[in-house]
Structure formats: C-alpha cells, structure tokens
$ cat model30.tsv   # TSV, C-alpha atoms and all ligand atoms
chain	number	residue	atom	x	y	z
A	1	MET	CA	0.00	0.00	0.00
A	2	ALA	CA	1.29	3.44	-0.91
A	3	LYS	CA	0.39	6.36	1.30
A	4	ILE	CA	-0.41	9.83	-0.06
A	5	LEU	CA	2.14	12.01	1.76
A	6	LYS	CA	1.20	15.35	0.21
A	7	LYS	CA	-1.62	16.55	-2.02
A	8	GLU	CA	-1.84	19.89	-3.82
A	9	GLN	CA	-4.48	21.25	-6.19
A	10	TRP	CA	-2.83	23.38	-8.87
A	11	SER	CA	-5.92	24.32	-10.90
A	12	ASP	CA	-9.58	23.29	-11.26
A	13	THR	CA	-8.52	19.94	-12.71
A	14	ILE	CA	-4.79	19.48	-12.05
A	15	PHE	CA	-3.46	17.82	-8.89
A	16	SER	CA	-0.01	16.86	-7.61
A	17	MET	CA	0.59	14.08	-5.09
A	18	LEU	CA	3.72	12.81	-3.35
A	19	ILE	CA	3.41	9.08	-2.78
A	20	ASP	CA	5.35	7.08	-0.23
A	21	ALA	CA	6.91	4.47	-2.54
A	22	LYS	CA	10.51	3.77	-1.55
A	23	ASP	CA	11.27	0.97	-4.01
A	24	VAL	CA	9.82	2.86	-6.98
A	25	ALA	CA	11.70	6.02	-5.99
A	26	LYS	CA	14.97	4.09	-5.78
A	27	ALA	CA	14.60	2.55	-9.24
A	28	ALA	CA	12.88	5.42	-11.13
A	29	LYS	CA	14.55	6.85	-14.23
A	30	PRO	CA	13.43	9.80	-16.40
A	31	GLY	CA	10.71	8.85	-18.89
A	32	GLN	CA	9.25	6.01	-16.84
A	33	PHE	CA	5.74	5.71	-15.44
A	34	ILE	CA	3.73	3.95	-12.76
A	35	ILE	CA	0.31	2.30	-12.81
A	36	LEU	CA	-1.86	2.88	-9.76
A	37	ILE	CA	-5.29	1.74	-8.63
A	38	PRO	CA	-6.86	4.31	-6.30
A	39	LYS	CA	-9.24	2.00	-4.42
A	40	GLU	CA	-10.13	-1.69	-4.44
A	41	HIS	CA	-12.21	-2.52	-7.56
A	42	GLY	CA	-10.92	0.68	-9.16
A	43	GLU	CA	-9.36	1.06	-12.62
A	44	ARG	CA	-5.67	1.13	-13.38
A	45	ILE	CA	-4.30	4.61	-14.12
A	46	PRO	CA	-0.92	5.00	-15.85
A	47	LEU	CA	0.86	8.21	-14.80
A	48	THR	CA	4.34	9.48	-15.57
A	49	ILE	CA	6.81	9.90	-12.73
A	50	ALA	CA	7.08	13.71	-12.50
A	51	ASP	CA	9.80	13.66	-9.84
A	52	SER	CA	11.20	11.30	-7.23
A	53	ASP	CA	13.61	11.28	-4.30
A	54	ALA	CA	15.42	8.02	-3.62
A	55	ASP	CA	16.71	9.19	-0.20
A	56	GLU	CA	13.34	10.37	1.05
A	57	GLY	CA	11.48	7.55	-0.70
A	58	TRP	CA	8.72	9.48	-2.49
A	59	VAL	CA	7.43	9.69	-6.05
A	60	GLN	CA	5.54	12.70	-7.43
A	61	ILE	CA	2.58	12.25	-9.78
A	62	VAL	CA	0.83	15.14	-11.50
A	63	PHE	CA	-2.52	14.36	-13.05
A	64	GLN	CA	-5.47	15.96	-14.77
A	65	VAL	CA	-9.01	14.94	-13.90
A	66	VAL	CA	-10.54	13.74	-17.17
A	67	GLY	CA	-12.87	10.90	-16.20
A	68	LYS	CA	-14.08	8.58	-13.45
A	69	SER	CA	-10.78	7.18	-12.18
A	70	THR	CA	-8.80	10.41	-12.12
A	71	LEU	CA	-11.78	12.06	-10.37
A	72	GLU	CA	-11.75	9.27	-7.78
A	73	LEU	CA	-8.00	9.75	-7.26
A	74	SER	CA	-8.40	13.54	-6.91
A	75	ARG	CA	-10.88	12.99	-4.07
A	76	MET	CA	-8.40	10.99	-1.98
A	77	ASN	CA	-6.56	12.83	0.75
A	78	GLU	CA	-3.22	12.96	2.55
A	79	SER	CA	-2.58	9.90	4.79
A	80	GLU	CA	-4.95	7.73	2.72
A	81	GLU	CA	-3.39	4.67	1.05
A	82	LEU	CA	-3.68	3.84	-2.63
A	83	PHE	CA	-4.82	0.27	-3.30
A	84	SER	CA	-1.88	-0.33	-5.63
A	85	PHE	CA	1.12	1.56	-6.98
A	86	VAL	CA	3.36	-0.36	-9.40
A	87	GLY	CA	6.50	0.78	-11.18
A	88	PRO	CA	8.75	2.02	-12.53
A	89	LEU	CA	7.42	0.81	-15.90
A	90	GLY	CA	8.52	1.49	-19.48
A	91	MET	CA	11.89	2.19	-21.04
A	92	PRO	CA	13.81	5.12	-19.58
A	93	SER	CA	14.57	8.13	-21.80
A	94	GLU	CA	17.79	7.80	-23.78
A	95	VAL	CA	19.61	10.74	-22.24
A	96	GLU	CA	23.19	11.60	-23.17
A	97	LYS	CA	25.55	14.57	-23.44
A	98	PHE	CA	24.70	16.10	-26.80
A	99	ASP	CA	27.15	18.11	-28.88
A	100	GLY	CA	24.73	21.05	-29.11
A	101	LYS	CA	21.44	22.14	-27.59
A	102	VAL	CA	18.40	20.07	-26.58
A	103	VAL	CA	14.82	21.31	-26.60
A	104	MET	CA	12.10	20.05	-24.26
A	105	VAL	CA	8.52	20.88	-25.23
A	106	GLY	CA	5.78	20.30	-22.65
A	107	GLY	CA	2.12	21.00	-23.32
A	108	GLY	CA	-0.53	21.11	-20.59
A	109	ILE	CA	-0.17	18.14	-18.24
A	110	GLY	CA	2.81	17.08	-20.46
A	111	ILE	CA	4.92	19.69	-18.65
A	112	ALA	CA	5.19	17.25	-15.70
A	113	PRO	CA	6.83	14.38	-17.62
A	114	ILE	CA	9.39	16.62	-19.34
A	115	HIS	CA	10.66	17.74	-15.92
A	116	PRO	CA	12.71	14.65	-14.91
A	117	ILE	CA	14.18	14.36	-18.44
A	118	ALA	CA	15.19	18.04	-18.53
A	119	LYS	CA	16.67	17.75	-15.03
A	120	LYS	CA	18.79	14.73	-15.99
A	121	LEU	CA	19.92	16.29	-19.29
A	122	LYS	CA	21.04	19.45	-17.51
A	123	GLU	CA	22.84	17.44	-14.83
A	124	MET	CA	24.74	15.74	-17.68
A	125	GLY	CA	25.98	19.12	-18.87
A	126	ASN	CA	23.55	19.81	-21.70
A	127	HIS	CA	22.24	23.23	-22.73
A	128	VAL	CA	18.52	22.62	-22.21
A	129	ILE	CA	15.89	24.93	-23.68
A	130	SER	CA	12.41	24.15	-22.35
A	131	ILE	CA	9.24	25.41	-23.97
A	132	ILE	CA	6.17	25.03	-21.79
A	133	GLY	CA	2.66	25.88	-22.87
A	134	ALA	CA	-0.95	25.78	-21.75
A	135	LYS	CA	-4.30	27.23	-22.76
A	136	THR	CA	-4.07	30.03	-20.19
A	137	ALA	CA	-1.51	31.25	-17.62
A	138	ASP	CA	-3.37	29.67	-14.68
A	139	LEU	CA	-3.04	26.23	-16.29
A	140	LEU	CA	0.76	26.46	-16.54
A	141	ILE	CA	2.30	24.02	-14.08
A	142	MET	CA	5.76	23.48	-12.59
A	143	GLU	CA	7.19	26.71	-14.00
A	144	ASP	CA	9.72	27.09	-11.15
A	145	LYS	CA	10.83	23.45	-11.34
A	146	LEU	CA	11.30	23.71	-15.11
A	147	LYS	CA	13.24	26.96	-14.74
A	148	GLU	CA	15.63	25.17	-12.40
A	149	ALA	CA	15.89	22.10	-14.65
A	150	SER	CA	16.60	24.13	-17.82
A	151	THR	CA	19.23	26.53	-19.12
A	152	GLU	CA	16.52	28.64	-20.80
A	153	LEU	CA	12.75	28.59	-20.29
A	154	LEU	CA	10.26	29.83	-22.90
A	155	ILE	CA	6.53	30.10	-22.29
A	156	ALA	CA	3.55	30.06	-24.63
A	157	THR	CA	-0.16	30.34	-23.89
A	158	ASP	CA	-3.01	29.95	-26.38
A	159	ASP	CA	-4.59	33.23	-25.24
A	160	GLY	CA	-1.36	35.18	-24.66
A	161	SER	CA	-2.03	35.56	-20.91
A	162	LYS	CA	1.65	34.63	-20.29
A	163	GLY	CA	4.67	34.41	-22.58
A	164	LYS	CA	4.18	34.20	-26.32
A	165	LYS	CA	0.63	33.99	-27.69
A	166	GLY	CA	0.12	30.76	-29.62
A	167	PHE	CA	0.93	27.06	-29.61
A	168	VAL	CA	4.22	25.61	-28.34
A	169	ASN	CA	5.15	24.26	-31.78
A	170	LEU	CA	5.27	27.83	-33.14
A	171	VAL	CA	7.86	28.73	-30.50
A	172	LEU	CA	9.68	25.51	-31.43
A	173	GLU	CA	9.70	26.54	-35.11
A	174	GLU	CA	11.08	29.99	-34.27
A	175	LEU	CA	13.83	28.35	-32.27
A	176	LEU	CA	14.65	25.89	-35.04
A	177	ALA	CA	14.78	28.78	-37.53
A	178	THR	CA	17.37	30.66	-35.45
A	179	GLU	CA	19.37	27.77	-33.98
A	180	GLY	CA	19.28	25.42	-36.99
A	181	ASP	CA	21.53	22.35	-36.75
A	182	ASN	CA	22.68	23.41	-33.31
A	183	ILE	CA	19.57	21.67	-31.93
A	184	LYS	CA	20.54	18.04	-31.60
A	185	MET	CA	17.41	16.57	-30.06
A	186	ILE	CA	13.84	17.56	-29.22
A	187	TRP	CA	11.51	15.89	-26.73
A	188	ALA	CA	7.81	16.78	-27.05
A	189	ILE	CA	5.26	15.55	-24.50
A	190	GLY	CA	1.61	16.51	-24.22
A	191	PRO	CA	-1.73	15.75	-25.87
A	192	PRO	CA	-1.36	13.70	-29.09
A	193	ILE	CA	-2.50	16.64	-31.25
A	194	MET	CA	0.23	18.85	-29.76
A	195	MET	CA	2.91	16.18	-30.24
A	196	LYS	CA	1.74	15.68	-33.83
A	197	ALA	CA	2.10	19.45	-34.47
A	198	CYS	CA	5.60	19.48	-32.94
A	199	VAL	CA	6.61	16.54	-35.15
A	200	GLU	CA	5.40	18.45	-38.25
A	201	SER	CA	7.42	21.49	-37.14
A	202	ALA	CA	10.54	19.39	-36.51
A	203	LYS	CA	10.17	17.69	-39.91
A	204	LYS	CA	10.28	21.10	-41.65
A	205	PHE	CA	13.80	21.53	-40.26
A	206	ASN	CA	14.88	17.89	-40.42
A	207	ALA	CA	15.31	17.94	-36.66
A	208	PRO	CA	15.15	14.70	-34.62
A	209	ILE	CA	12.22	14.49	-32.20
A	210	ILE	CA	11.13	12.06	-29.50
A	211	VAL	CA	7.55	11.89	-28.23
A	212	SER	CA	5.98	10.05	-25.28
A	213	LEU	CA	2.81	8.18	-26.21
A	214	ASN	CA	-0.20	7.76	-23.92
A	215	PRO	CA	-2.45	5.09	-25.42
A	216	ILE	CA	-4.98	3.16	-23.33
A	217	MET	CA	-3.03	0.84	-21.04
A	218	VAL	CA	-4.25	-2.04	-18.94
A	219	ASP	CA	-1.56	-4.37	-17.58
A	220	GLY	CA	1.53	-2.30	-18.44
A	221	THR	CA	3.57	-5.45	-19.02
A	222	GLY	CA	3.18	-6.15	-22.75
A	223	MET	CA	0.65	-8.97	-22.21
A	224	CYS	CA	-2.77	-7.46	-22.95
A	225	GLY	CA	-2.06	-5.62	-26.19
A	226	ALA	CA	-4.21	-2.62	-25.23
A	227	CYS	CA	-1.43	-0.10	-25.74
A	228	ARG	CA	-0.42	-1.08	-29.28
A	229	VAL	CA	0.71	1.77	-31.49
A	230	THR	CA	2.13	1.90	-34.99
A	231	VAL	CA	5.64	3.28	-35.26
A	232	GLY	CA	7.59	3.14	-38.51
A	233	GLY	CA	4.87	0.87	-39.95
A	234	LYS	CA	5.41	-1.71	-37.19
A	235	THR	CA	3.23	-2.59	-34.20
A	236	LYS	CA	4.79	-1.62	-30.88
A	237	PHE	CA	3.54	-1.80	-27.30
A	238	ALA	CA	3.93	1.58	-25.62
A	239	CYS	CA	4.24	0.03	-22.15
A	240	VAL	CA	7.31	-2.09	-22.87
A	241	ASP	CA	8.77	-0.69	-26.14
A	242	GLY	CA	8.05	2.92	-25.12
A	243	PRO	CA	6.46	5.13	-23.97
A	244	GLU	CA	9.03	7.20	-25.94
A	245	PHE	CA	9.36	6.78	-29.70
A	246	ASN	CA	10.84	8.56	-32.69
A	247	GLY	CA	8.12	11.15	-33.35
A	248	ALA	CA	8.69	11.18	-37.11
A	249	GLU	CA	7.57	7.53	-37.30
A	250	VAL	CA	4.45	7.61	-35.11
A	251	ASP	CA	0.98	7.13	-36.59
A	252	PHE	CA	-0.78	9.82	-34.54
A	253	ASP	CA	-4.11	9.54	-36.36
A	254	GLU	CA	-4.40	5.89	-35.33
A	255	LEU	CA	-3.39	6.73	-31.73
A	256	MET	CA	-6.07	9.43	-31.49
A	257	ALA	CA	-8.73	7.18	-33.02
A	258	ARG	CA	-7.93	4.38	-30.54
A	259	GLN	CA	-8.09	6.81	-27.60
A	260	ARG	CA	-11.62	7.83	-28.64
A	261	GLN	CA	-12.74	4.19	-28.90
A	262	TYR	CA	-14.26	4.01	-25.41
A	263	ALA	CA	-15.46	7.61	-25.16
A	264	GLU	CA	-19.12	6.68	-24.66
A	265	LEU	CA	-18.34	4.04	-22.01
A	266	GLU	CA	-15.98	6.47	-20.26
A	267	ARG	CA	-18.74	9.13	-20.22
A	268	LYS	CA	-21.22	6.64	-18.70
A	269	ALA	CA	-18.71	5.48	-16.06
A	270	LEU	CA	-18.14	9.10	-15.03
A	271	GLU	CA	-21.89	9.84	-14.79
A	272	LEU	CA	-22.51	6.70	-12.75
A	273	TYR	CA	-19.65	7.50	-10.34
A	274	LYS	CA	-20.86	11.09	-9.92
A	275	SER	CA	-24.44	10.05	-9.20
A	276	LYS	CA	-23.27	7.38	-6.70
A	277	GLU	CA	-21.03	9.88	-4.91
A	278	GLY	CA	-23.54	12.74	-5.10
A	279	ILE	CA	-21.23	14.96	-7.17
A	280	ALA	CA	-23.00	17.64	-9.22
A	301	LIG	C1	2.37	6.10	-20.11
A	301	LIG	C2	1.27	7.07	-19.74
A	301	LIG	C3	1.58	8.13	-18.93
A	301	LIG	C4	0.58	9.05	-18.56
A	301	LIG	N1	0.93	10.08	-17.75
A	301	LIG	C5	-0.02	10.95	-17.36
A	301	LIG	C6	0.32	11.99	-16.43
A	301	LIG	O1	1.46	12.12	-15.97
A	301	LIG	N2	-0.67	12.83	-16.06
A	301	LIG	C7	-1.96	12.70	-16.54
A	301	LIG	O2	-2.81	13.50	-16.17
A	301	LIG	N3	-2.30	11.72	-17.40
A	301	LIG	C8	-1.37	10.83	-17.80
A	301	LIG	N4	-1.73	9.80	-18.63
A	301	LIG	C9	-3.14	9.67	-19.03
A	301	LIG	C10	-3.97	9.05	-17.90
A	301	LIG	O3	-3.56	7.73	-17.69
A	301	LIG	C11	-5.48	9.07	-18.28
A	301	LIG	O4	-5.87	10.43	-18.32
A	301	LIG	C12	-6.34	8.35	-17.23
A	301	LIG	O5	-6.10	6.97	-17.24
A	301	LIG	C13	-7.80	8.65	-17.52
A	301	LIG	O6	-8.63	7.88	-16.69
A	301	LIG	P1	-10.11	8.34	-16.31
A	301	LIG	O7	-10.86	7.12	-15.89
A	301	LIG	O8	-10.10	9.47	-15.36
A	301	LIG	O9	-10.69	8.91	-17.66
A	301	LIG	P2	-11.53	8.19	-18.78
A	301	LIG	O10	-12.86	8.82	-18.85
A	301	LIG	O11	-11.46	6.69	-18.66
A	301	LIG	O12	-10.69	8.57	-20.06
A	301	LIG	C14	-10.39	9.91	-20.45
A	301	LIG	C15	-9.24	9.90	-21.42
A	301	LIG	O13	-8.09	9.19	-20.90
A	301	LIG	C16	-7.71	8.09	-21.74
A	301	LIG	N5	-7.51	6.91	-20.88
A	301	LIG	C17	-8.42	6.27	-20.15
A	301	LIG	N6	-7.91	5.21	-19.51
A	301	LIG	C18	-6.63	5.16	-19.88
A	301	LIG	C19	-5.58	4.27	-19.57
A	301	LIG	N7	-5.73	3.22	-18.77
A	301	LIG	N8	-4.40	4.52	-20.15
A	301	LIG	C20	-4.19	5.60	-20.93
A	301	LIG	N9	-5.14	6.47	-21.25
A	301	LIG	C21	-6.35	6.25	-20.74
A	301	LIG	C22	-8.94	7.87	-22.62
A	301	LIG	O14	-8.59	7.40	-23.89
A	301	LIG	C23	-9.54	9.22	-22.72
A	301	LIG	O15	-8.93	9.99	-23.75
A	301	LIG	C24	-0.75	8.88	-19.03
A	301	LIG	C25	-1.07	7.80	-19.86
A	301	LIG	C26	-0.06	6.90	-20.22
A	301	LIG	C27	-0.39	5.74	-21.07
A	302	LIG	S1	-0.71	-2.13	-21.49
A	302	LIG	FE1	-1.03	-4.19	-21.98
A	302	LIG	S2	0.38	-4.55	-23.58
A	302	LIG	FE2	0.81	-2.56	-22.92
$ encode --input "model30.tsv" --output "structure tokens"
Amino acid sequence: MAKILKKEQWSDTIFSMLIDAKDVAKAAKPGQFIILIPKEHGERIPLTIADSDADEGWVQIVFQVVGKSTLELSRMNESEELFSFVGPLGMPSEVEKFDGKVVMVGGGIGIAPIHPIAKKLKEMGNHVISIIGAKTADLLIMEDKLKEASTELLIATDDGSKGKKGFVNLVLEELLATEGDNIKMIWAIGPPIMMKACVESAKKFNAPIIVSLNPIMVDGTGMCGACRVTVGGKTKFACVDGPEFNGAEVDFDELMARQRQYAELERKALELYKSKEGIA
C-alpha cells in the first residue's frame, strides 16, 4: 500500500501528489511511469513519474481529472493509502551529453513528464531549452521546477495571458529557424494533437524528435495488447517498447482514433460514479 504524503491542487482539474513508494523512488529513471489503482475494484491509471527522491522515498505524480478514475483519485486525501502503486514501468529516456542544444517541449499536463528528463539532461551538462505551454496562464504548471531544470525557459499560452501567444510548436519553429543544426534533439510531451504538431514542425527543419505516447493501457507489461501503437509501420507496445518513440515515425491519427474508442463508455462510467457519490 502506498500512502499519499502530500496533495496539492494546482488548478480546477490538475493535482499533484507525493506518494510514499521507496522501491519505486529508488529505481525510477526519467521517462518512466507507474500504474496505480486508487481503491479496491478501481481502474488502473498510468501516470508518468514527474519527480522522485530516492533518499526520502517518495514519487511525485501530476494528473489531470478527465474521467471517473482520475476524479476518484483527486478525491483521496493525505494519509490515505492507494490500493496499488506499481513501477517504474517502461523504457527510460535515452539521455546523453549532446554536442549542441536540446529542446524540451511540454504542453498542458505534459509539462510534468518533461521535468525529470530536462533535469537529468542538464545534470549531464547539456544546454537545455524548455518550452512550456498551456491554454491560459493559470493552467501552466511546474514553471519554477522547469526553470531550475533548464538553461533557458520559454513560455507560450493559447490566449497570450503569459509568454508568447500561440501554440508551443510555433515557438519551437522559431527556435529551429534561429538555432538550426545546433539543436541536436527535441523531446515533445503533451496531448497527441500537440505532439503531432511538434513533429510536423521538426520535420520542416529535419530535426530529430522524441515523443511520449499515452495510449490506453491495462496491464503495463506487454501482455494485454491494449497499448499497441504503430511506429515506422510496425506494431509496438507503448508500455514495454516505449512510452518514448521517434516522433517522425508515429501514426498519430491511429493513436487518437484508438483513444476515442471508449469515449461513450468512459462518459457513462463518469456519470454513474458522480451520481453514486452525489457529485453535481
Ligand atoms: C504512459 C502514460 C503516462 C501518462 N501520464 C499521465 C500523467 O502524468 N498525467 C496525466 O494527467 N495523465 C497521464 N496519462 C493519461 C492518464 O492515464 C489518463 O488520463 C487516465 O487513465 C484517464 O482515466 P479516467 O478514468 O479518469 O478517464 P476516462 O474517462 O477513462 O478517459 C479519459 C481519457 O483518458 C484516456 N484513458 C483512459 N484510460 C486510460 C488508460 N488506462 N491509459 C491511458 N489512457 C487512458 C482515454 O482514452 C480518454 O482519452 C498517461 C497515460 C499513459 C499511457
Ligand atoms: S498495457 Fe497491456 S500490452 Fe501494454
């Protein structure tokens, strides 16, 4: 059982929790994720490890309430125990010392997973430029942590309430236009539509780009096949082959179609949970 040590609400729908999980904290590497079950009979929720401390034994998760299970998790409080917390899962990010600059692009809740990768890359001596973006300024998360983990931090909001007005991939394109070949690697993490746009931008400049995919996952061990994605024309399982892949090779349209597959069932599950719990 994994105890919730600290809970913070960062916006209407975004929450951060520190979980007491010593073994996971000890083994966690940037790019990896956990799968938790909030309460007995609950659903499995895959969430990226946003930060961890091996000495203190905690793992940070940052999540957005989108449906029944994330709503259930958001209603749990400090000192309560999660039914299950398994990880670290997935392949770690392939971090190295690059002979040039690296760009980290985080959109919305995707800002959380770029944090440990940026932190590690900077520790390794890289020049890290992070671009973080959200719809509005109040939805921007982890700005201070990203500032610390990066050499330069650029901000974009859809409505211009902070930083540059527009999508993160436009800031990425501006950067690629001025820095050119000096950018040796890009990581883009966020909603599939945002990662797809970043890949298109990178392709214009022939720049290499890695994305982190978030298909439906069930077991997280490569056995159930739920998380299959097409990369470079081949079937891959995001839980064991990924979650990071070469962005230029990902079939994003298929990923988005598969994510919408259970939309109606997900809507019903949320309505049922809300009526049971008396939530308006
Ligand atoms: C490797 C990985 C890392 C992730 N990291 C984060 C993170 O750090 N923060 C965060 O907020 N979200 C993250 N997600 C997405 C998160 O798992 C889903 O938002 C959550 O499971 C939705 O559950 P729900 O019941 O509240 O919503 P639902 O109503 O069931 O679904 C809402 C949306 O979430 C997707 N979804 C539902 N169940 C799953 C599932 N088991 N696996 C993946 N997607 C699902 C659906 O396709 C739908 O688009 C990650 C997903 C993956 C695969
Ligand atoms: S989640 Fe089951 S194969 Fe990946």
$ residues_near_ligand --input "model30.tsv" --ligand "ligand LIG 302 (chain A)" --cutoff "12 Å" --atoms "only C-alpha atoms and all ligand atoms" --output "MDAnalysis selection string"
chainID A and resid 33:35 44:46 89:90 213:229 235:243
$ residues_around --input "model30.tsv" --residues "Lys26 (chain A)" --least-positions-apart "2" --cutoff "9 Å" --atoms "all atoms listed in the file" --output "list in words"
Ala21, Lys22, Asp23, Val24, Ala28, Lys29, Ser52, Asp53, Ala54, Asp55, Gly57 and Trp58 of chain A
$ residues_around --input "model30.tsv" --residues "region 97-109 of chain A" --least-positions-apart "5" --cutoff "9 Å" --atoms "all atoms listed in the file" --output "PDB file with C-alpha atoms, keeping the file's coordinate frame"
ATOM      1  CA  ILE A  14      -4.790  19.480 -12.050  1.00  0.00           C
ATOM      2  CA  VAL A  62       0.830  15.140 -11.500  1.00  0.00           C
ATOM      3  CA  PHE A  63      -2.520  14.360 -13.050  1.00  0.00           C
ATOM      4  CA  GLN A  64      -5.470  15.960 -14.770  1.00  0.00           C
ATOM      5  CA  ILE A 114       9.390  16.620 -19.340  1.00  0.00           C
ATOM      6  CA  HIS A 115      10.660  17.740 -15.920  1.00  0.00           C
ATOM      7  CA  ILE A 117      14.180  14.360 -18.440  1.00  0.00           C
ATOM      8  CA  ALA A 118      15.190  18.040 -18.530  1.00  0.00           C
ATOM      9  CA  LEU A 121      19.920  16.290 -19.290  1.00  0.00           C
ATOM     10  CA  LYS A 122      21.040  19.450 -17.510  1.00  0.00           C
ATOM     11  CA  MET A 124      24.740  15.740 -17.680  1.00  0.00           C
ATOM     12  CA  GLY A 125      25.980  19.120 -18.870  1.00  0.00           C
ATOM     13  CA  ASN A 126      23.550  19.810 -21.700  1.00  0.00           C
ATOM     14  CA  HIS A 127      22.240  23.230 -22.730  1.00  0.00           C
ATOM     15  CA  VAL A 128      18.520  22.620 -22.210  1.00  0.00           C
ATOM     16  CA  ILE A 129      15.890  24.930 -23.680  1.00  0.00           C
ATOM     17  CA  SER A 130      12.410  24.150 -22.350  1.00  0.00           C
ATOM     18  CA  ILE A 131       9.240  25.410 -23.970  1.00  0.00           C
ATOM     19  CA  ILE A 132       6.170  25.030 -21.790  1.00  0.00           C
ATOM     20  CA  GLY A 133       2.660  25.880 -22.870  1.00  0.00           C
ATOM     21  CA  ALA A 134      -0.950  25.780 -21.750  1.00  0.00           C
ATOM     22  CA  LYS A 135      -4.300  27.230 -22.760  1.00  0.00           C
ATOM     23  CA  LEU A 139      -3.040  26.230 -16.290  1.00  0.00           C
ATOM     24  CA  LEU A 140       0.760  26.460 -16.540  1.00  0.00           C
ATOM     25  CA  ILE A 141       2.300  24.020 -14.080  1.00  0.00           C
ATOM     26  CA  SER A 150      16.600  24.130 -17.820  1.00  0.00           C
ATOM     27  CA  PHE A 167       0.930  27.060 -29.610  1.00  0.00           C
ATOM     28  CA  VAL A 168       4.220  25.610 -28.340  1.00  0.00           C
ATOM     29  CA  ASN A 169       5.150  24.260 -31.780  1.00  0.00           C
ATOM     30  CA  LEU A 172       9.680  25.510 -31.430  1.00  0.00           C
ATOM     31  CA  GLU A 179      19.370  27.770 -33.980  1.00  0.00           C
ATOM     32  CA  ASP A 181      21.530  22.350 -36.750  1.00  0.00           C
ATOM     33  CA  ASN A 182      22.680  23.410 -33.310  1.00  0.00           C
ATOM     34  CA  ILE A 183      19.570  21.670 -31.930  1.00  0.00           C
ATOM     35  CA  LYS A 184      20.540  18.040 -31.600  1.00  0.00           C
ATOM     36  CA  MET A 185      17.410  16.570 -30.060  1.00  0.00           C
ATOM     37  CA  ILE A 186      13.840  17.560 -29.220  1.00  0.00           C
ATOM     38  CA  TRP A 187      11.510  15.890 -26.730  1.00  0.00           C
ATOM     39  CA  ALA A 188       7.810  16.780 -27.050  1.00  0.00           C
ATOM     40  CA  ILE A 189       5.260  15.550 -24.500  1.00  0.00           C
ATOM     41  CA  GLY A 190       1.610  16.510 -24.220  1.00  0.00           C
ATOM     42  CA  PRO A 191      -1.730  15.750 -25.870  1.00  0.00           C
ATOM     43  CA  MET A 194       0.230  18.850 -29.760  1.00  0.00           C
ATOM     44  CA  MET A 195       2.910  16.180 -30.240  1.00  0.00           C
ATOM     45  CA  CYS A 198       5.600  19.480 -32.940  1.00  0.00           C
TER      46      CYS A 198
END
$ axis_aligned_box --input "model30.tsv" --around "ligand LIG 301 (chain A)" --padding-each-side "5 Å" --output "JSON"
{"center_x": -5.2, "center_y": 8.4, "center_z": -19.6, "size_x": 25.2, "size_y": 20.3, "size_z": 18.5}
$ atom_distance --input "model30.tsv" --atom1 "atom C27 of ligand LIG 301 (chain A)" --atom2 "CA of Thr13 (chain A)"
18.4 Å
$ atom_distance --input "model30.tsv" --atom1 "CA of Met142 (chain A)" --atom2 "CA of Phe15 (chain A)"
11.4 Å
